[in-house]
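Below is coords.txt, holding compact mmCIF, C-alpha atoms and all ligand atoms.
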# COMPACT_ATOMS: atom_id res chain seq x y z
CA MET A 208 148.36 117.11 -97.73
CA LEU A 209 146.29 118.61 -100.50
CA ASN A 210 146.47 117.07 -103.93
CA MET A 211 147.13 119.77 -106.54
CA SER A 212 145.66 118.02 -109.54
CA LEU A 213 144.14 120.01 -112.39
CA THR A 214 140.70 119.30 -110.99
CA THR A 215 141.50 120.63 -107.50
CA PRO A 216 139.55 123.87 -107.10
CA PHE A 217 141.70 126.99 -107.10
CA ALA A 218 140.11 130.40 -106.55
CA VAL A 219 141.24 133.96 -107.13
CA TYR A 220 139.80 136.69 -104.89
CA VAL A 221 140.15 140.30 -106.08
CA HIS A 222 139.41 142.97 -103.48
CA TRP A 223 138.19 146.41 -104.64
CA PRO A 224 138.32 148.56 -101.49
CA PHE A 225 136.24 151.62 -102.46
CA CYS A 226 132.62 152.55 -101.72
CA LEU A 227 130.49 155.61 -102.36
CA SER A 228 129.76 155.90 -98.63
CA LYS A 229 130.56 153.87 -95.54
CA CYS A 230 127.64 151.92 -94.05
CA PRO A 231 127.57 152.28 -90.25
CA TYR A 232 127.52 148.52 -89.56
CA CYS A 233 130.33 147.54 -91.92
CA ASP A 234 133.87 146.64 -90.87
CA PHE A 235 135.04 145.37 -94.25
CA ASN A 236 138.15 146.95 -95.74
CA SER A 237 136.24 149.65 -97.58
CA HIS A 238 137.06 153.32 -98.03
CA VAL A 239 135.43 156.44 -99.43
CA ARG A 240 137.54 158.70 -101.67
CA HIS A 241 135.63 161.87 -102.43
CA GLY A 242 138.41 163.11 -104.67
CA GLY A 243 138.18 160.02 -106.87
CA ILE A 244 140.92 157.49 -107.51
CA ASP A 245 143.37 156.78 -110.28
CA GLU A 246 141.74 153.57 -111.51
CA ALA A 247 144.31 153.00 -114.28
CA ARG A 248 147.12 153.10 -111.74
CA PHE A 249 145.31 150.70 -109.43
CA LEU A 250 144.67 148.42 -112.38
CA ARG A 251 148.40 148.21 -113.15
CA ALA A 252 149.04 147.27 -109.51
CA TYR A 253 146.42 144.50 -109.63
CA GLU A 254 148.09 143.15 -112.76
CA THR A 255 151.50 143.28 -111.07
CA GLU A 256 150.24 141.43 -108.02
CA ILE A 257 148.51 138.76 -110.13
CA ALA A 258 151.77 138.17 -112.02
CA ALA A 259 153.75 137.90 -108.76
CA THR A 260 151.25 135.46 -107.25
CA ALA A 261 151.12 133.32 -110.39
CA ALA A 262 154.91 133.11 -110.37
CA ARG A 263 154.65 131.43 -106.95
CA VAL A 264 151.87 128.98 -107.85
CA PRO A 265 152.04 128.72 -111.65
CA ASP A 266 150.49 125.33 -112.36
CA ARG A 267 146.92 125.92 -111.27
CA THR A 268 143.61 125.86 -113.05
CA VAL A 269 141.37 128.66 -111.87
CA SER A 270 137.91 127.34 -111.01
CA SER A 271 136.45 130.57 -109.63
CA ILE A 272 137.15 134.29 -109.47
CA PHE A 273 135.39 136.65 -107.08
CA PHE A 274 135.45 140.46 -107.20
CA GLY A 275 134.57 141.49 -103.65
CA GLY A 276 134.72 144.70 -101.68
CA GLY A 277 134.15 147.36 -100.99
CA THR A 278 132.05 147.92 -104.04
CA PRO A 279 133.51 146.32 -107.16
CA SER A 280 130.46 147.39 -109.18
CA LEU A 281 132.04 150.87 -109.07
CA MET A 282 134.88 149.58 -111.24
CA GLN A 283 134.85 150.25 -114.94
CA PRO A 284 133.85 147.11 -116.83
CA SER A 285 137.05 147.59 -118.86
CA SER A 286 139.10 147.26 -115.63
CA VAL A 287 137.25 144.04 -114.74
CA GLN A 288 137.96 142.79 -118.26
CA ALA A 289 141.67 143.67 -117.99
CA ILE A 290 141.97 141.85 -114.64
CA LEU A 291 140.28 138.77 -116.07
CA ASP A 292 142.56 138.88 -119.11
CA CYS A 293 145.56 139.11 -116.81
CA ILE A 294 144.40 136.12 -114.72
CA GLY A 295 143.91 134.19 -117.98
CA LYS A 296 147.40 135.13 -119.14
CA HIS A 297 149.05 133.74 -116.02
CA TRP A 298 146.91 130.72 -115.19
CA THR A 299 144.74 128.23 -117.03
CA ILE A 300 141.06 129.07 -116.65
CA ALA A 301 138.65 126.16 -116.21
CA PRO A 302 136.06 126.03 -119.03
CA ASP A 303 133.25 126.19 -116.47
CA VAL A 304 134.85 128.93 -114.35
CA GLU A 305 132.51 130.83 -112.01
CA ILE A 306 133.18 134.59 -112.07
CA THR A 307 131.22 136.55 -109.45
CA LEU A 308 131.12 140.30 -108.91
CA GLU A 309 129.62 141.92 -105.81
CA ALA A 310 127.36 144.80 -106.75
CA ASN A 311 125.49 147.45 -104.84
CA PRO A 312 121.92 147.74 -106.15
CA THR A 313 121.75 151.39 -107.11
CA SER A 314 120.39 152.27 -110.52
CA VAL A 315 123.73 153.72 -111.59
CA GLU A 316 125.48 150.44 -110.99
CA ALA A 317 122.78 148.37 -112.66
CA THR A 318 123.55 150.22 -115.90
CA ARG A 319 127.00 148.62 -115.86
CA PHE A 320 125.81 145.03 -115.51
CA ARG A 321 125.83 144.45 -119.27
CA GLY A 322 129.44 145.63 -119.41
CA PHE A 323 130.42 143.25 -116.61
CA ARG A 324 128.72 140.39 -118.44
CA ALA A 325 130.59 141.26 -121.64
CA ALA A 326 133.84 141.29 -119.63
CA GLY A 327 133.25 137.68 -118.58
CA VAL A 328 131.45 137.98 -115.24
CA ASN A 329 128.83 135.22 -115.10
CA ARG A 330 127.35 135.68 -111.62
CA VAL A 331 126.46 138.76 -109.55
CA SER A 332 125.88 139.04 -105.84
CA LEU A 333 123.78 142.06 -104.90
CA GLY A 334 123.82 143.74 -101.49
CA VAL A 335 120.08 144.32 -101.12
CA GLN A 336 120.24 144.13 -97.26
CA ALA A 337 116.54 144.93 -96.62
CA LEU A 338 113.31 145.34 -98.52
CA ASP A 339 112.01 148.16 -96.39
CA ASP A 340 113.01 151.78 -96.86
CA ALA A 341 113.18 152.74 -93.19
CA SER A 342 115.63 149.90 -92.51
CA LEU A 343 117.68 150.75 -95.57
CA LYS A 344 117.96 154.30 -94.35
CA GLU A 345 119.01 153.19 -90.88
CA LEU A 346 121.59 150.87 -92.46
CA GLY A 347 122.99 153.89 -94.31
CA ARG A 348 122.25 152.43 -97.72
CA LEU A 349 122.13 154.62 -100.81
CA HIS A 350 119.28 152.70 -102.48
CA THR A 351 115.58 152.20 -101.82
CA ALA A 352 113.84 148.82 -101.72
CA GLN A 353 112.33 149.48 -105.14
CA GLU A 354 115.70 150.41 -106.59
CA ALA A 355 117.14 147.19 -105.19
CA LEU A 356 114.31 145.13 -106.71
CA ASP A 357 114.85 146.90 -110.03
CA ALA A 358 118.55 146.03 -109.88
CA VAL A 359 117.66 142.40 -109.16
CA ALA A 360 115.42 142.43 -112.24
CA VAL A 361 118.25 143.83 -114.36
CA ALA A 362 120.60 141.17 -112.98
CA ARG A 363 118.04 138.48 -113.79
CA SER A 364 117.77 139.68 -117.39
CA ILE A 365 121.54 139.61 -117.93
CA PHE A 366 123.01 136.85 -115.77
CA ASP A 367 122.05 133.19 -115.57
CA ARG A 368 123.25 133.16 -111.98
CA TYR A 369 122.63 135.85 -109.37
CA SER A 370 122.32 136.02 -105.62
CA PHE A 371 121.46 138.73 -103.16
CA ASP A 372 122.23 139.46 -99.53
CA LEU A 373 119.81 140.42 -96.78
CA ILE A 374 120.65 141.36 -93.21
CA TYR A 375 118.20 140.27 -90.50
CA ALA A 376 117.92 140.60 -86.71
CA ARG A 377 117.83 144.33 -87.38
CA PRO A 378 116.60 146.95 -84.89
CA ARG A 379 112.86 146.55 -84.11
CA GLN A 380 112.48 143.57 -86.46
CA THR A 381 109.61 141.26 -85.60
CA LEU A 382 109.04 137.64 -86.61
CA ASP A 383 106.01 138.59 -88.70
CA GLY A 384 107.86 141.43 -90.40
CA TRP A 385 110.82 139.21 -91.28
CA GLU A 386 108.57 136.42 -92.50
CA ALA A 387 106.85 138.77 -94.98
CA GLU A 388 110.14 140.31 -96.09
CA LEU A 389 111.90 136.97 -96.57
CA LYS A 390 108.99 135.51 -98.54
CA ARG A 391 108.99 138.56 -100.78
CA ALA A 392 112.76 138.15 -101.25
CA ILE A 393 112.40 134.47 -102.10
CA ALA A 394 109.89 135.37 -104.81
CA GLU A 395 112.64 137.49 -106.39
CA ALA A 396 115.45 135.01 -105.79
CA ALA A 397 116.58 132.42 -108.27
CA GLU A 398 119.08 129.89 -107.01
CA HIS A 399 120.98 131.52 -104.15
CA LEU A 400 120.43 133.85 -101.16
CA SER A 401 122.82 135.03 -98.43
CA LEU A 402 121.05 135.84 -95.16
CA TYR A 403 123.25 137.38 -92.47
CA GLN A 404 122.30 138.16 -88.89
CA LEU A 405 123.28 141.75 -88.10
CA THR A 406 126.57 141.69 -86.19
CA ILE A 407 127.56 144.72 -84.16
CA GLU A 408 131.21 145.00 -85.16
CA PRO A 409 133.73 146.82 -82.96
CA ASP A 410 134.95 150.18 -84.29
CA THR A 411 131.83 150.85 -86.34
CA PRO A 412 129.28 153.64 -85.71
CA PHE A 413 126.70 150.93 -84.86
CA PHE A 414 128.99 149.70 -82.09
CA GLY A 415 129.07 153.16 -80.47
CA LEU A 416 125.31 153.63 -80.84
CA HIS A 417 124.65 150.16 -79.43
CA ARG A 418 126.88 150.74 -76.42
CA ALA A 419 125.21 154.10 -75.77
CA GLY A 420 121.79 152.39 -75.78
CA LYS A 421 120.71 154.23 -78.94
CA LEU A 422 120.51 151.13 -81.10
CA THR A 423 118.63 148.10 -79.85
CA VAL A 424 118.88 144.81 -81.68
CA PRO A 425 116.81 141.66 -81.04
CA ASP A 426 117.83 139.82 -77.86
CA GLN A 427 119.29 136.31 -78.00
CA ASP A 428 115.90 134.56 -77.85
CA LEU A 429 114.35 136.61 -80.65
CA ALA A 430 117.54 136.30 -82.74
CA ARG A 431 117.31 132.53 -82.30
CA ASP A 432 113.65 132.54 -83.34
CA LEU A 433 114.48 134.68 -86.38
CA TYR A 434 117.21 132.21 -87.32
CA ASP A 435 114.89 129.21 -86.93
CA LEU A 436 112.16 130.93 -88.95
CA THR A 437 114.70 131.67 -91.69
CA GLN A 438 115.67 128.00 -91.91
CA THR A 439 112.05 126.81 -92.07
CA ILE A 440 110.99 129.31 -94.74
CA CYS A 441 114.05 128.75 -96.92
CA THR A 442 113.96 124.96 -96.65
CA ASP A 443 110.25 124.95 -97.54
CA ALA A 444 111.05 127.14 -100.56
CA GLY A 445 113.72 124.72 -101.81
CA LEU A 446 116.61 126.94 -100.69
CA PRO A 447 118.12 125.06 -97.72
CA ALA A 448 121.23 126.39 -95.97
CA TYR A 449 124.40 124.80 -97.31
CA GLU A 450 126.41 127.09 -95.02
CA ILE A 451 125.33 128.86 -91.85
CA SER A 452 124.28 132.03 -93.75
CA ASN A 453 124.04 130.82 -97.34
CA HIS A 454 121.11 129.16 -99.04
CA ALA A 455 120.94 127.57 -102.47
CA ARG A 456 119.00 125.23 -104.65
CA PRO A 457 120.84 121.91 -105.07
CA GLY A 458 123.89 122.42 -107.29
CA ALA A 459 123.68 126.23 -107.16
CA GLN A 460 126.07 126.82 -104.26
CA CYS A 461 128.64 129.60 -104.68
CA ARG A 462 131.63 127.55 -105.83
CA HIS A 463 134.04 130.30 -104.88
CA ASN A 464 132.99 130.42 -101.25
CA LEU A 465 133.05 126.61 -101.10
CA VAL A 466 136.79 126.85 -101.82
CA TYR A 467 137.25 128.74 -98.53
CA TRP A 468 135.00 126.49 -96.51
CA ARG A 469 136.38 123.25 -97.94
CA GLY A 470 139.94 124.36 -97.27
CA HIS A 471 141.22 124.58 -100.84
CA ASP A 472 143.73 127.13 -102.15
CA TYR A 473 142.95 130.70 -103.12
CA ALA A 474 145.00 133.69 -104.17
CA GLY A 475 144.16 137.04 -102.55
CA ILE A 476 144.74 140.05 -104.82
CA GLY A 477 144.29 143.72 -103.86
CA PRO A 478 144.35 145.72 -100.60
CA GLY A 479 143.75 143.64 -97.48
CA ALA A 480 143.11 140.42 -99.41
CA HIS A 481 143.85 137.11 -97.68
CA GLY A 482 145.13 134.03 -99.48
CA ARG A 483 145.93 130.39 -98.77
CA LEU A 484 148.47 128.73 -101.03
CA THR A 485 149.95 125.25 -100.82
CA ILE A 486 153.60 125.42 -101.80
CA ASP A 487 155.99 122.47 -101.36
CA ASN A 488 153.38 120.69 -99.27
CA ALA A 489 153.14 123.59 -96.80
CA ARG A 490 150.01 125.69 -96.40
CA ILE A 491 150.96 129.36 -96.61
CA ALA A 492 148.70 132.13 -95.26
CA THR A 493 149.09 135.45 -97.08
CA GLU A 494 147.75 138.91 -96.36
CA THR A 495 148.30 142.21 -98.12
CA GLU A 496 148.53 145.82 -96.91
CA LYS A 497 145.01 147.02 -96.09
CA ARG A 498 145.26 150.75 -96.79
CA PRO A 499 144.61 151.19 -100.53
CA GLU A 500 147.20 153.87 -101.28
CA ALA A 501 149.85 152.18 -99.11
CA TRP A 502 149.11 148.89 -100.91
CA LEU A 503 149.46 150.67 -104.26
CA MET A 504 152.85 152.09 -103.38
CA ARG A 505 154.05 148.80 -101.94
CA VAL A 506 153.12 146.97 -105.13
CA GLU A 507 154.76 149.64 -107.26
CA GLU A 508 157.95 149.48 -105.22
CA THR A 509 158.23 145.76 -104.50
CA GLY A 510 155.97 143.96 -106.98
CA THR A 511 153.53 142.75 -104.30
CA GLY A 512 151.38 144.15 -101.51
CA LEU A 513 152.18 141.24 -99.16
CA THR A 514 152.58 142.04 -95.48
CA VAL A 515 152.05 138.52 -94.15
CA GLU A 516 153.38 135.29 -95.58
CA GLU A 517 153.34 132.63 -92.96
CA LYS A 518 153.64 128.87 -93.02
CA LEU A 519 150.77 127.40 -90.98
CA THR A 520 151.65 124.64 -88.51
CA SER A 521 149.77 121.38 -88.95
CA GLY A 522 147.66 122.27 -85.89
CA GLU A 523 146.77 125.69 -87.33
CA ALA A 524 145.88 124.24 -90.74
CA ALA A 525 143.70 121.57 -89.09
CA ASP A 526 141.94 124.08 -86.83
CA GLU A 527 141.25 126.29 -89.81
CA TYR A 528 139.74 123.35 -91.68
CA LEU A 529 137.54 122.66 -88.66
CA LEU A 530 136.51 126.31 -88.29
CA MET A 531 135.63 126.73 -91.96
CA GLY A 532 134.32 123.23 -92.70
CA LEU A 533 131.88 123.07 -89.79
CA ARG A 534 130.08 126.10 -91.23
CA LEU A 535 128.93 123.82 -94.04
CA ALA A 536 125.87 121.59 -93.82
CA GLU A 537 128.02 118.82 -95.34
CA GLY A 538 130.47 119.11 -92.42
CA ILE A 539 134.08 117.94 -92.46
CA ASP A 540 135.95 114.88 -93.64
CA LEU A 541 137.44 113.38 -90.48
CA ALA A 542 140.22 111.60 -92.41
CA ARG A 543 141.28 114.93 -93.93
CA TYR A 544 141.28 116.52 -90.49
CA SER A 545 143.50 113.72 -89.17
CA ALA A 546 145.84 113.97 -92.17
CA LEU A 547 146.21 117.73 -91.62
CA SER A 548 146.67 117.64 -87.87
CA GLY A 549 148.43 114.30 -87.45
CA ARG A 550 145.87 113.19 -84.88
CA ASN A 551 142.16 112.44 -84.57
CA LEU A 552 139.57 114.78 -83.09
CA ASN A 553 139.23 114.18 -79.36
CA PRO A 554 136.62 111.33 -79.24
CA ARG A 555 135.44 112.29 -75.75
CA ARG A 556 134.62 115.87 -76.81
CA VAL A 557 132.92 114.65 -79.99
CA SER A 558 130.85 112.23 -77.96
CA ILE A 559 129.75 114.91 -75.45
CA LEU A 560 128.69 117.22 -78.30
CA ARG A 561 126.91 114.34 -80.03
CA ASN A 562 124.99 113.51 -76.85
CA GLU A 563 124.00 117.17 -76.55
CA GLY A 564 122.63 117.01 -80.09
CA ALA A 565 125.07 119.65 -81.38
CA VAL A 566 126.95 117.42 -83.87
CA GLU A 567 126.28 114.21 -85.78
CA THR A 568 128.22 111.76 -87.92
CA THR A 569 126.87 111.17 -91.41
CA ALA A 570 126.48 107.76 -93.07
CA ASP A 571 129.71 108.39 -95.03
CA GLY A 572 131.62 109.22 -91.85
CA ARG A 573 131.68 113.03 -92.02
CA LEU A 574 131.16 115.12 -88.90
CA ARG A 575 128.63 117.91 -89.14
CA VAL A 576 126.86 120.40 -86.91
CA THR A 577 123.14 119.69 -86.52
CA GLN A 578 120.41 122.19 -87.31
CA SER A 579 119.97 122.92 -83.60
CA GLY A 580 123.74 123.10 -83.11
CA PHE A 581 124.28 125.80 -85.75
CA PRO A 582 123.33 128.77 -83.55
CA LEU A 583 126.06 127.51 -81.15
CA LEU A 584 128.64 127.01 -83.90
CA ASP A 585 131.37 129.15 -82.30
CA ALA A 586 131.16 127.20 -79.04
CA VAL A 587 131.18 123.85 -80.88
CA VAL A 588 134.29 124.81 -82.86
CA ALA A 589 136.03 126.12 -79.72
CA ASP A 590 135.29 122.83 -78.01
CA LEU A 591 136.72 120.71 -80.81
CA ALA A 592 139.73 122.84 -81.78
CA ALA A 593 143.16 121.74 -80.62
C1 LIG B 1 131.55 142.91 -98.58
S1 LIG B 1 129.98 143.14 -97.93
C2 LIG B 1 129.23 144.23 -99.04
C3 LIG B 1 129.06 144.13 -100.47
C4 LIG B 1 128.54 145.42 -101.09
N1 LIG B 1 129.47 146.47 -100.91
C5 LIG B 1 127.22 145.86 -100.48
O1 LIG B 1 127.25 146.53 -99.46
O2 LIG B 1 126.20 145.57 -101.04
C6 LIG B 1 129.15 141.61 -98.11
C7 LIG B 1 127.92 141.45 -97.26
O3 LIG B 1 128.21 141.32 -95.90
C8 LIG B 1 127.06 141.63 -95.14
N2 LIG B 1 127.47 142.40 -93.97
C9 LIG B 1 128.39 143.37 -93.91
N3 LIG B 1 128.51 143.84 -92.63
C10 LIG B 1 127.63 143.12 -91.87
C11 LIG B 1 127.27 143.12 -90.48
N4 LIG B 1 127.83 143.95 -89.62
N5 LIG B 1 126.33 142.23 -90.08
C12 LIG B 1 125.75 141.37 -90.94
N6 LIG B 1 126.05 141.35 -92.26
C13 LIG B 1 126.97 142.20 -92.72
C14 LIG B 1 126.14 142.42 -96.06
O4 LIG B 1 124.97 141.66 -96.32
C15 LIG B 1 126.95 142.58 -97.30
O5 LIG B 1 126.19 142.56 -98.47
S1 LIG B 2 128.38 147.29 -96.67
FE1 LIG B 2 129.19 147.35 -98.75
S2 LIG B 2 128.75 149.47 -99.47
FE2 LIG B 2 128.54 149.48 -97.27
S3 LIG B 2 130.56 150.17 -96.55
FE3 LIG B 2 130.53 147.89 -96.48
S4 LIG B 2 131.41 147.25 -98.38
FE4 LIG B 2 130.83 149.43 -98.64
For this file, write the structure as structure tokens.
Amino acid sequence: MLNMSLTTPFAVYVHWPFCLSKCPYCDFNSHVRHGGIDEARFLRAYETEIAATAARVPDRTVSSIFFGGGTPSLMQPSSVQAILDCIGKHWTIAPDVEITLEANPTSVEATRFRGFRAAGVNRVSLGVQALDDASLKELGRLHTAQEALDAVAVARSIFDRYSFDLIYARPRQTLDGWEAELKRAIAEAAEHLSLYQLTIEPDTPFFGLHRAGKLTVPDQDLARDLYDLTQTICTDAGLPAYEISNHARPGAQCRHNLVYWRGHDYAGIGPGAHGRLTIDNARIATETEKRPEAWLMRVEETGTGLTVEEKLTSGEAADEYLLMGLRLAEGIDLARYSALSGRNLNPRRVSILRNEGAVETTADGRLRVTQSGFPLLDAVVADLAA
């Protein structure tokens, strides 16, 4: 079982579910409210839910906080400040806490960066997505490439730590085009980049267009080549992948996301937020109401937005560790897997995957997916899971 010492990472995720418009590829819990929202009322609900969560797991030291969305850069800096104050009132905050806020790179939002910094945010993650205006338009983004680069420059002038996201394997993307775009991005990057392959998610406009043959994305072979090219360029630039889609200079990994992938505890606050809490040696999965106004009313009526609170079986907790941990270049600790599941990974399946070159055991006994195994990660995990 997990050891809850003061040095064990503990993360708080705060979900802000509103966006100015809905991007046609996105299936995150994000909503557009043309009539505006009552931010003060939402803020009170966040504070209520933080208090309720802290009452359940009081003795933790918060090592990271992440404002995700949706578009949390649409929040007032004073709301971000109030949420951080509330977290600090209910838990101890580690002196070196990482506090990230996801921001969309429009000029309007960049003007708030100083306010977020003053509130305590010390890292921003910008959704640049592409550095070419035609692609940005097709992706339904509200910013141009230049605006995004300007926002990156503002972030650089205010925050010691920033990252930005790009989506690749986009319609009509070529290897040469992506190479030029990625190199240009790396010139603007500091310590961290998130590079996601476009996924056609069910129930999105892109899904309908794709099925109707009106949106063509790179086939499997080209997608694989784009992935390989990404790894080569980033590794050469000193930004190797530490997770399947995340690249960082040594020591500059996103500590918050490492909490998820390393299987530590995190509290999920806000509409549709997920959490994992260890209580009395049991790992509890939590989930809140997704619809923002329904979440608000639930919190106001009951003190929490929880809709799911479920004790994971040892098999479920172990499979989750496998699923999350194998995304990391460092892989998983086999002893931890065995402690969680009460049994070892099937040696025959490990050996088959090792012979195929999909996994390897490190000198210190960890199991990790190889560079060539990463594009087949889902199949590898399915093979190894209980
Ligand atoms: C919570 S989302 C968005 C954050 C912010 N609202 C924005 O759009 O800039 C985090 C990231 O997931 C990625 N993403 C979202 N949907 C995706 C999809 N269908 N395929 C690949 N990446 C996706 C985008 O790079 C995005 O920046
Ligand atoms: S990609 Fe970001 S801005 Fe676009 S709808 Fe999703 S969360 Fe909102």
Ligand LIG 1 (chain B): which residues are within 6 Å, counting all atoms listed in the file? Reply as a JSON list (two decimals) with C-alpha atoms, keeping the file's coordinate frame.
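Written file, out.json:
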[["chain", "number", "residue", "atom", "x", "y", "z"],
["A", 232, "TYR", "CA", 127.52, 148.52, -89.56],
["A", 233, "CYS", "CA", 130.33, 147.54, -91.92],
["A", 276, "GLY", "CA", 134.72, 144.70, -101.68],
["A", 277, "GLY", "CA", 134.15, 147.36, -100.99],
["A", 278, "THR", "CA", 132.05, 147.92, -104.04],
["A", 309, "GLU", "CA", 129.62, 141.92, -105.81],
["A", 310, "ALA", "CA", 127.36, 144.80, -106.75],
["A", 311, "ASN", "CA", 125.49, 147.45, -104.84],
["A", 333, "LEU", "CA", 123.78, 142.06, -104.90],
["A", 334, "GLY", "CA", 123.82, 143.74, -101.49],
["A", 336, "GLN", "CA", 120.24, 144.13, -97.26],
["A", 372, "ASP", "CA", 122.23, 139.46, -99.53],
["A", 373, "LEU", "CA", 119.81, 140.42, -96.78],
["A", 374, "ILE", "CA", 120.65, 141.36, -93.21],
["A", 403, "TYR", "CA", 123.25, 137.38, -92.47],
["A", 404, "GLN", "CA", 122.30, 138.16, -88.89],
["A", 405, "LEU", "CA", 123.28, 141.75, -88.10],
["A", 406, "THR", "CA", 126.57, 141.69, -86.19],
["A", 407, "ILE", "CA", 127.56, 144.72, -84.16],
["A", 408, "GLU", "CA", 131.21, 145.00, -85.16]]
**Request:** Show which residues sit within 12 Å of Pro478 (chain A), as number ranges by chain. Count all atoms listed in the file, and ignore same-chain residues fewer than 5 positions away.
**Result:** A: 220-225, 235-238, 249, 252-253, 256, 275-277, 493-506, 511-514
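Taking all atoms listed in the file into account, Pro302 (chain A) lies nearest to A:Thr268 out of the set A:Lys344, A:Glu523, A:Arg240, A:Thr268.
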**Request:** Please indicate the distance in Å from CA of Gly347 (chain A) to CA of Pro231 (chain A), rounded to one decimal place.
**Result:**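 So the answer is 6.3 Å.
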**Atomic separation - CA of Gly477 (chain A) relative to CA of Lys296 (chain A), Å** =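 We find that CA of Lys296 (chain A) and CA of Gly477 (chain A) lie 17.8 Å from each other.
CA of Asp234 (chain A) is positioned 18.9 Å from CA of Ala419 (chain A).
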**Asked** For ligand LIG 2 (chain B), which residue out of A:Val287, A:Cys230, A:Leu308, A:Cys293 is the nearest one, using all atoms listed in the file?
**Response** A:Cys230
**Prompt:** Residues around (122.4, 128.8, -84.8), cut-off 12 Å, counting all atoms listed in the file - what are they as a VMD selection string?
**Reply:** chain A and resid 403 to 404 427 to 438 448 450 to 452 534 565 576 to 587
Let's have the selection written as a short mmCIF file (atom, residue, chain, number, x, y, z; two decimals), in the coordinates of the input, with C-alpha atoms.
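Result file out27.cif:
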data_model
loop_
_atom_site.label_atom_id
_atom_site.label_comp_id
_atom_site.auth_asym_id
_atom_site.auth_seq_id
_atom_site.Cartn_x
_atom_site.Cartn_y
_atom_site.Cartn_z
CA TYR A 403 123.25 137.38 -92.47
CA GLN A 404 122.30 138.16 -88.89
CA GLN A 427 119.29 136.31 -78.00
CA ASP A 428 115.90 134.56 -77.85
CA LEU A 429 114.35 136.61 -80.65
CA ALA A 430 117.54 136.30 -82.74
CA ARG A 431 117.31 132.53 -82.30
CA ASP A 432 113.65 132.54 -83.34
CA LEU A 433 114.48 134.68 -86.38
CA TYR A 434 117.21 132.21 -87.32
CA ASP A 435 114.89 129.21 -86.93
CA LEU A 436 112.16 130.93 -88.95
CA THR A 437 114.70 131.67 -91.69
CA GLN A 438 115.67 128.00 -91.91
CA ALA A 448 121.23 126.39 -95.97
CA GLU A 450 126.41 127.09 -95.02
CA ILE A 451 125.33 128.86 -91.85
CA SER A 452 124.28 132.03 -93.75
CA ARG A 534 130.08 126.10 -91.23
CA ALA A 565 125.07 119.65 -81.38
CA VAL A 576 126.86 120.40 -86.91
CA THR A 577 123.14 119.69 -86.52
CA GLN A 578 120.41 122.19 -87.31
CA SER A 579 119.97 122.92 -83.60
CA GLY A 580 123.74 123.10 -83.11
CA PHE A 581 124.28 125.80 -85.75
CA PRO A 582 123.33 128.77 -83.55
CA LEU A 583 126.06 127.51 -81.15
CA LEU A 584 128.64 127.01 -83.90
CA ASP A 585 131.37 129.15 -82.30
CA ALA A 586 131.16 127.20 -79.04
CA VAL A 587 131.18 123.85 -80.88
#
**Asked** Using only C-alpha atoms, which of the listed residues (A:Thr260, A:Ser370, A:Ile476, A:Glu516) sits closest to Leu446 (chain A)?
**Response** A:Ser370
**Prompt:** Thr568 (chain A): which residues within 10 Å, counting all atoms listed in the file, same-chain residues fewer than 5 positions away excluded, as an NGL selection string?
**Reply:** :A and (538-539 or 541 or 557 or 561 or 573-577)
**Request:** Pick out the residues sitting within 10 Å of Arg379 (chain A), and hand them over as a PyMOL selection string; count all atoms listed in the file, and ignore anything fewer than 5 positions along from it in its own chain.
**Result:** chain A and resi 342+384+422-425
**Request:** Excluding region 316-323 of chain A and residues on its chain fewer than 3 positions from it, collect all residues at most 12 Å away from it, counting only C-alpha atoms, and give them as a VMD selection string.
**Result:** chain A and resid 226 to 227 274 278 to 291 306 to 313 326 to 334 349 to 350 354 to 366 369
**Prompt:** Between A:Gly549, A:Gly564, A:Pro412, A:Gly572, which is the closest to ligand LIG 2 (chain B) once you count all atoms listed in the file?
**Reply:**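 Selected residue with least distance to ligand LIG 2 (chain B): A:Pro412.
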**Item:** A:Leu389, A:Arg490, A:Leu346, A:Val566 ranked by distance to ligand LIG 2 (chain B), top pick (using all atoms listed in the file)
**Value:** A:Leu346
Per-axis box centre and lengths in Å around ligand LIG 2 (chain B), 4 Å margin per side, axis-aligned, as AutoDock Vina command-line options:
--center_x 129.9 --center_y 148.7 --center_z -98.0 --size_x 11.0 --size_y 10.9 --size_z 11.0
**Message:** So that I can see what lies close to Arg263 (chain A), please list as a ChimeraX atom specification the residues with an atom at most 10 Å from it, counting all atoms listed in the file and leaving out residues fewer than 6 positions away in the same chain.
**Reply:** /A:484-486
Saved selection, atoms kept: C-alpha atoms, as a PDB file, in the frame of the given file:
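Listed below is the output, result-v2.pdb:
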ATOM      1  CA  LEU A 484     148.470 128.730-101.030  1.00  0.00           C
ATOM      2  CA  THR A 485     149.950 125.250-100.820  1.00  0.00           C
ATOM      3  CA  ILE A 486     153.600 125.420-101.800  1.00  0.00           C
TER       4      ILE A 486
END
